[in-house]
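Reading through the structure tokens given below for one structure.
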Amino acid sequence: MPLETESRAQIRALIAEFRPNHGDLLATLHRIQHEYGYLSREALEVVAEQLHLFAAQVYGAASYYEEFRFEPPAAVDIRWCSGPACRARNGGGIRDALLATLAVQMNGQTEDGRVGVRLGQCIGTCELAPQVWIEERASHTNEVVGNLNAAKAVRLARALRDGATAQEVLRG
Ligand code: FES
């Protein structure tokens, strides 16, 4: 068993209530991602130990689900809505403008880790199509930015890239 570091001990404490053979794997992974924003290799190893599984089994299960991530998230995530109402109103153009402005791929992030763009699914706020959601880790905020066009998307991406907060972008 690897040496017990401070971070391993913290992860272990976070998931202490979960037990082997109780169908707890997904709940355990969700608990960690909610706390840290992603599943580190270390976290997957601790989960495997806690639930008496192989690390490869834990990774295999986690990688099956799109919601789990294995790299630290960007400070600000722009989640692009891929739903039909947003697509019908030039959602594809919004996506292309965001990716080109930030020079990233879908589900990637800028080199400095400041801004990422992630694929999102319809959340039912279609009256604001086309839209994105801005998720900010530091403030735990999640804002809908709707009625976008390509020019607004470029301004939004530039402002976030240059350090504006979601609140500042919305006010501006
Ligand atoms: S299709 Fe984008 S919010 Fe519904």
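A note on labels: chains of the structure tokens are A, B, ... as shown, every chain counts residues from 1, and ligands are counted from 1 in their shown order.
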Checklist entry - Running DSSP on the backbone, which parts of stretch 102-170 of chain A land in helix (DSSP H, G or I), as JSON, numbers by chain? => result {"A": [102, 126, 127, 128, 150, 151, 152, 153, 154, 155, 156, 157, 158, 159, 160, 161, 166, 167, 168, 169, 170]}
Hey, can you spit out that residue selection with C-alpha atoms as a compact mmCIF listing (two decimals), in the first residue's frame?
```txt
# COMPACT_ATOMS: atom_id res chain seq x y z
CA LEU A 102 -9.67 30.71 -26.83
CA CYS A 126 -34.33 26.95 -24.17
CA GLU A 127 -36.10 30.34 -24.26
CA LEU A 128 -32.60 31.85 -23.89
CA ALA A 150 -21.04 35.03 -32.53
CA ALA A 151 -19.82 38.57 -31.75
CA LYS A 152 -21.10 38.35 -28.15
CA ALA A 153 -19.48 34.93 -27.78
CA VAL A 154 -16.12 36.34 -28.88
CA ARG A 155 -16.41 39.22 -26.39
CA LEU A 156 -17.41 36.80 -23.63
CA ALA A 157 -14.49 34.47 -24.29
CA ARG A 158 -12.00 37.36 -24.47
CA ALA A 159 -13.24 38.89 -21.23
CA LEU A 160 -13.04 35.59 -19.32
CA ARG A 161 -9.64 34.80 -20.83
CA ALA A 166 -18.63 35.74 -14.57
CA GLN A 167 -20.39 38.50 -12.63
CA GLU A 168 -18.37 41.21 -14.37
CA VAL A 169 -19.13 39.70 -17.73
CA LEU A 170 -22.84 39.60 -17.00
```
Per-residue nearest contacts of chain A to ligand 1 (7 Å; only C-alpha atoms and all ligand atoms) as a Markdown table:
```
| residue | atom | partner | partner_atom_place_in_ligand_line | distance |
| --- | --- | --- | --- | --- |
| A:Cys81 | CA | ligand 1 | 2 (Fe) | 4.8 |
| A:Ser82 | CA | ligand 1 | 2 (Fe) | 6.2 |
| A:Gly83 | CA | ligand 1 | 1 (S) | 3.5 |
| A:Pro84 | CA | ligand 1 | 1 (S) | 4.7 |
| A:Ala85 | CA | ligand 1 | 1 (S) | 4.0 |
| A:Cys86 | CA | ligand 1 | 2 (Fe) | 4.3 |
| A:Arg87 | CA | ligand 1 | 1 (S) | 6.9 |
| A:Gln121 | CA | ligand 1 | 2 (Fe) | 7.0 |
| A:Cys122 | CA | ligand 1 | 4 (Fe) | 3.9 |
| A:Ile123 | CA | ligand 1 | 3 (S) | 5.0 |
| A:Gly124 | CA | ligand 1 | 4 (Fe) | 4.6 |
| A:Thr125 | CA | ligand 1 | 3 (S) | 4.5 |
| A:Cys126 | CA | ligand 1 | 4 (Fe) | 3.8 |
| A:Ala129 | CA | ligand 1 | 2 (Fe) | 5.6 |
| A:Pro130 | CA | ligand 1 | 2 (Fe) | 6.2 |
| A:Gln131 | CA | ligand 1 | 2 (Fe) | 6.2 |
```
Write the selection just made, keeping N, CA and C atoms, as a PDB file, in the first residue's frame?
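Okay, this is what ended up in result_30.pdb:
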```
ATOM      1  N   CYS A  81     -24.119  24.732 -24.765  1.00  0.00           N
ATOM      2  CA  CYS A  81     -25.314  23.889 -24.890  1.00  0.00           C
ATOM      3  C   CYS A  81     -25.390  23.307 -26.291  1.00  0.00           C
ATOM      4  N   SER A  82     -25.441  21.970 -26.346  1.00  0.00           N
ATOM      5  CA  SER A  82     -25.508  21.270 -27.632  1.00  0.00           C
ATOM      6  C   SER A  82     -26.933  20.836 -27.962  1.00  0.00           C
ATOM      7  N   GLY A  83     -27.916  21.328 -27.191  1.00  0.00           N
ATOM      8  CA  GLY A  83     -29.303  20.915 -27.391  1.00  0.00           C
ATOM      9  C   GLY A  83     -29.903  21.465 -28.678  1.00  0.00           C
ATOM     10  N   PRO A  84     -31.058  20.925 -29.087  1.00  0.00           N
ATOM     11  CA  PRO A  84     -31.635  21.265 -30.395  1.00  0.00           C
ATOM     12  C   PRO A  84     -32.055  22.725 -30.535  1.00  0.00           C
ATOM     13  N   ALA A  85     -32.625  23.328 -29.497  1.00  0.00           N
ATOM     14  CA  ALA A  85     -33.070  24.725 -29.627  1.00  0.00           C
ATOM     15  C   ALA A  85     -31.868  25.649 -29.812  1.00  0.00           C
ATOM     16  N   CYS A  86     -30.816  25.380 -29.075  1.00  0.00           N
ATOM     17  CA  CYS A  86     -29.615  26.206 -29.198  1.00  0.00           C
ATOM     18  C   CYS A  86     -28.940  25.986 -30.545  1.00  0.00           C
ATOM     19  N   ARG A  87     -28.918  24.758 -30.991  1.00  0.00           N
ATOM     20  CA  ARG A  87     -28.311  24.472 -32.300  1.00  0.00           C
ATOM     21  C   ARG A  87     -29.092  25.153 -33.421  1.00  0.00           C
ATOM     22  N   GLN A 121     -25.457  19.642 -22.151  1.00  0.00           N
ATOM     23  CA  GLN A 121     -26.747  19.164 -22.655  1.00  0.00           C
ATOM     24  C   GLN A 121     -27.820  20.165 -22.241  1.00  0.00           C
ATOM     25  N   CYS A 122     -28.935  20.157 -22.960  1.00  0.00           N
ATOM     26  CA  CYS A 122     -30.045  21.073 -22.665  1.00  0.00           C
ATOM     27  C   CYS A 122     -30.439  20.980 -21.188  1.00  0.00           C
ATOM     28  N   ILE A 123     -30.597  22.137 -20.562  1.00  0.00           N
ATOM     29  CA  ILE A 123     -31.052  22.144 -19.165  1.00  0.00           C
ATOM     30  C   ILE A 123     -32.455  22.740 -19.047  1.00  0.00           C
ATOM     31  N   GLY A 124     -33.102  22.940 -20.185  1.00  0.00           N
ATOM     32  CA  GLY A 124     -34.495  23.373 -20.158  1.00  0.00           C
ATOM     33  C   GLY A 124     -34.703  24.872 -20.199  1.00  0.00           C
ATOM     34  N   THR A 125     -33.649  25.629 -20.318  1.00  0.00           N
ATOM     35  CA  THR A 125     -33.798  27.089 -20.411  1.00  0.00           C
ATOM     36  C   THR A 125     -33.714  27.512 -21.882  1.00  0.00           C
ATOM     37  N   CYS A 126     -34.455  26.792 -22.710  1.00  0.00           N
ATOM     38  CA  CYS A 126     -34.331  26.948 -24.170  1.00  0.00           C
ATOM     39  C   CYS A 126     -34.810  28.326 -24.642  1.00  0.00           C
ATOM     40  N   ALA A 129     -32.045  30.452 -25.808  1.00  0.00           N
ATOM     41  CA  ALA A 129     -31.156  29.918 -26.856  1.00  0.00           C
ATOM     42  C   ALA A 129     -30.743  31.018 -27.832  1.00  0.00           C
ATOM     43  N   PRO A 130     -29.525  30.925 -28.346  1.00  0.00           N
ATOM     44  CA  PRO A 130     -28.472  29.967 -27.975  1.00  0.00           C
ATOM     45  C   PRO A 130     -27.730  30.453 -26.733  1.00  0.00           C
ATOM     46  N   GLN A 131     -27.241  29.523 -25.972  1.00  0.00           N
ATOM     47  CA  GLN A 131     -26.691  29.914 -24.674  1.00  0.00           C
ATOM     48  C   GLN A 131     -25.491  29.066 -24.254  1.00  0.00           C
TER      49      GLN A 131
END
```
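Each of A:Ala138, A:Leu44, A:Ala97, A:Val132 was compared to A:Arg114 using only C-alpha atoms, and A:Ala138 turns out to be the nearest.
In this comparison, which uses only C-alpha atoms, the residue of A:Arg31, A:Asp162, A:Ser63, A:Gln50 approaching A:Thr101 most closely is A:Asp162.
Near A:Asn149, within 8 Å and counting only C-alpha atoms, sit Asn90, Gly93, Ile94 and Pro130 of chain A; same-chain residues fewer than 5 positions away were not included.
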Please produce a file of those selected residues containing N, CA and C atoms, as a PDB file, in the first residue's frame.
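Done, and the output landed in result-v4.pdb:
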```
ATOM      1  N   ASN A  90     -28.074  28.893 -34.293  1.00  0.00           N
ATOM      2  CA  ASN A  90     -26.642  29.118 -34.535  1.00  0.00           C
ATOM      3  C   ASN A  90     -25.763  28.752 -33.345  1.00  0.00           C
ATOM      4  N   GLY A  93     -22.281  28.106 -34.479  1.00  0.00           N
ATOM      5  CA  GLY A  93     -21.461  29.303 -34.689  1.00  0.00           C
ATOM      6  C   GLY A  93     -20.916  29.846 -33.371  1.00  0.00           C
ATOM      7  N   ILE A  94     -21.733  29.760 -32.323  1.00  0.00           N
ATOM      8  CA  ILE A  94     -21.286  30.190 -30.987  1.00  0.00           C
ATOM      9  C   ILE A  94     -20.109  29.319 -30.533  1.00  0.00           C
ATOM     10  N   PRO A 130     -29.525  30.925 -28.346  1.00  0.00           N
ATOM     11  CA  PRO A 130     -28.472  29.967 -27.975  1.00  0.00           C
ATOM     12  C   PRO A 130     -27.730  30.453 -26.733  1.00  0.00           C
TER      13      PRO A 130
END
```
Using only C-alpha atoms, which protein or nucleic acid residues come within 6 Å of A:Arg118? Drop anything in the same chain fewer than 4 positions from it, and give the result as an mmCIF file with N, CA and C atoms, in the first residue's frame.
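Done, and the output landed in result_10.cif:
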```cif
data_model
loop_
_atom_site.group_PDB
_atom_site.id
_atom_site.type_symbol
_atom_site.label_atom_id
_atom_site.label_comp_id
_atom_site.auth_asym_id
_atom_site.auth_seq_id
_atom_site.Cartn_x
_atom_site.Cartn_y
_atom_site.Cartn_z
ATOM 1 N N ARG A 79 -19.704 26.208 -20.453
ATOM 2 C CA ARG A 79 -20.368 24.983 -20.896
ATOM 3 C C ARG A 79 -21.288 25.342 -22.053
ATOM 4 N N MET A 106 -12.943 21.443 -28.015
ATOM 5 C CA MET A 106 -14.052 21.151 -27.104
ATOM 6 C C MET A 106 -13.548 20.242 -25.975
ATOM 7 N N ASN A 107 -13.948 20.569 -24.765
ATOM 8 C CA ASN A 107 -13.534 19.873 -23.541
ATOM 9 C C ASN A 107 -12.052 20.096 -23.214
#
```
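Reported to one decimal place, the separation of atom CA of A:Ile134 from atom CA of A:Glu71 is 18.6 Å.
Proximity ranking of A:Tyr38, A:Tyr64, A:Phe18, A:Ala75 relative to A:Leu51 places A:Phe18 first, based on only C-alpha atoms.
Atom CA of A:Leu39 to atom CA of A:Ala13 spans 15.5 Å [interatomic distance, one decimal].
With distances restricted to only C-alpha atoms, A:Asp77 is the closest residue to A:Gln109 from A:Asp77, A:Asp24, A:Asp96, A:Glu42.
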Item to check | Residue set, stretch 8-166 of chain A restricted to strand (DSSP E or B), as a list of chain:residue names | outcome: A:Val76, A:Asp77, A:Ile78, A:Arg79, A:Trp80, A:Cys81, A:Gly108, A:Gln109, A:Val115, A:Gly116, A:Val117, A:Arg118, A:Leu119, A:Gly120, A:Val132, A:Trp133, A:Ile134, A:Glu135, A:Glu136, A:Thr141, A:Asn142, A:Glu143, A:Val144, A:Val145
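Picture a line from atom CA of A:Gln57 to atom CA of A:Glu6; it runs 24.4 Å.
If only C-alpha atoms are the atoms counted, then among A:Leu29, A:Leu53, A:Ala16, A:Leu119 the closest residue to A:Gly91 is A:Leu119.
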